[in-house]
Amino acid sequence: MSGSTFGKLFKITTWGESHGKALGVVIDGCPAGLELSESDIQPFLDRRKPGQSEITTQRNESDEVEILSGVFEGKTTGTPISMIIKNEDHNSNAYDDLKDVYRPGHADITYDAKYGFRDHRGGGRSSGRETVARVCAGAVASKILGQLGVSVCAYTKSIGDVVANNFNKDEIMNNAIYMPDSVAATSAIELINKKREEMDSVGGTIECIVDGCPAGLGEPVFDKLDANLSKAVMSIGSVKGVEIGSGFDASTSTGSENNPVENAGGILGGISNGSQIKLTAAIKPTPSIAQRQKTTNKDGEEVSIEIKGRHDPVIVPRACVVVESMVAITLVDMLFENMSSRITDIVDFYK
């Protein structure tokens, strides 16, 4: 399977399946000398792992990371960093009835169309569990950014029609859905519980802000910063749309209304302008719901199914750190690429 590698100079390759023995990532291009240990990565994984609260899947995974290579005496060596997270609680029997049936809203039918067969246990490679490897890489990228005073923060902007109208950064880690508005968070949790009781699910949006990003990141034409950020975030399975700055609202505004710099989301002409970068991702409702649904089987026959297993009634909260990770990985890759944009910088480095 191609398409499991992202980046040019800071390159990550993820591997593993939802119900396989383990998942992991290989990072190629991390500079030597960065202080790094499992304790730098684990807090990121803890934000993504299942079983955190009553509104997440109760799959019991510790998601403990182990660094296998690329670190010696607490510092990166400049060689590939390999990390592994073992699967501990994969109940594959719950998926036996789905071997020949396509789950609505999943990649089952498209994987069969592409490969001729698929791993039906939790979706295999198409499962959201793959993102655990991205988060490991994102933790490393975030540490690199921290050396430069760049911070990335993603949080829940909305759940269904409940929107966070206030922003209190300290509140993000104080509630189960990572929302910066305590009043909205309470209403959103009530909505999530209501949909779960109805054997349904709900979607929402994630906002990601970047502070301290220098001006000049982004390559003209095809490798614009906003283009690469959009690709990175859209590569997350549950994301159905990405906006930079004013996003789709720009299409209904006038030039005089949209020209102020705050509407650009920190990027102009595909290049960072030095101000705060703001990105918003739209997250679809969890497709695995307990309601009986109509679908088809491998023979093209119409059937109905009830999806068993342990599933999130909402994906948004656990996806926040995944969005944050993909943004951080993209920024590091483009920071490295930008180092060769001026001859004076190259001369200064080598002299």
# chains A, B, ... in the order shown; residues from 1 in each chain; ligands from 1

$ residues_around --residues "A:Val71" --least-positions-apart "2" --cutoff "10 Å" --atoms "only C-alpha atoms" --output "PyMOL selection string"
chain A and resi 32-37+67-69+73-82

$ residues_around --residues "A:Leu225" --least-positions-apart "6" --cutoff "10 Å" --atoms "only C-alpha atoms" --output "list in words"
Gly216, Leu217, Gly218, Glu219, Lys231, Ile267, Leu268, Gly269, Gly270, Ile271, Ser272, Thr330, Leu331 and Met334 of chain A

$ atom_distance --atom1 "atom CA of A:Lys86" --atom2 "atom CA of A:Lys240"
28.8 Å

$ closest_atom_pairs --of "stretch 255-312 of chain A" --to "stretch 142-150 of chain A" --cutoff "12 Å" --atoms "only C-alpha atoms" --output "JSON lines"
{"residue": "A:Gly274", "atom": "CA", "partner": "A:Val150", "partner_atom": "CA", "distance": 11.0}
{"residue": "A:Ser275", "atom": "CA", "partner": "A:Val150", "partner_atom": "CA", "distance": 11.5}
{"residue": "A:Gln276", "atom": "CA", "partner": "A:Val150", "partner_atom": "CA", "distance": 10.3}
{"residue": "A:Ile277", "atom": "CA", "partner": "A:Val150", "partner_atom": "CA", "distance": 10.9}

$ closest_residue --among "A:Asp119, A:Asp108, A:Asp170, A:Asp181" --to "A:Pro287" --atoms "only C-alpha atoms"
A:Asp108

$ closest_residue --among "A:Val162, A:Val183, A:Ala281, A:Ile305" --to "A:Ile209" --atoms "only C-alpha atoms"
A:Ala281

$ closest_residue --among "A:Arg47, A:Phe349, A:Asn273, A:Ser325" --to "A:Ala215" --atoms "only C-alpha atoms"
A:Asn273

$ select_by_dssp --residues "stretch 79-323 of chain A" --states "strand (DSSP E or B)" --output "PyMOL selection string"
chain A and resi 81-86+101+151-159+162-163+202+204-211+239-244+267-268+271-272+277-283+293-297+302-305+314
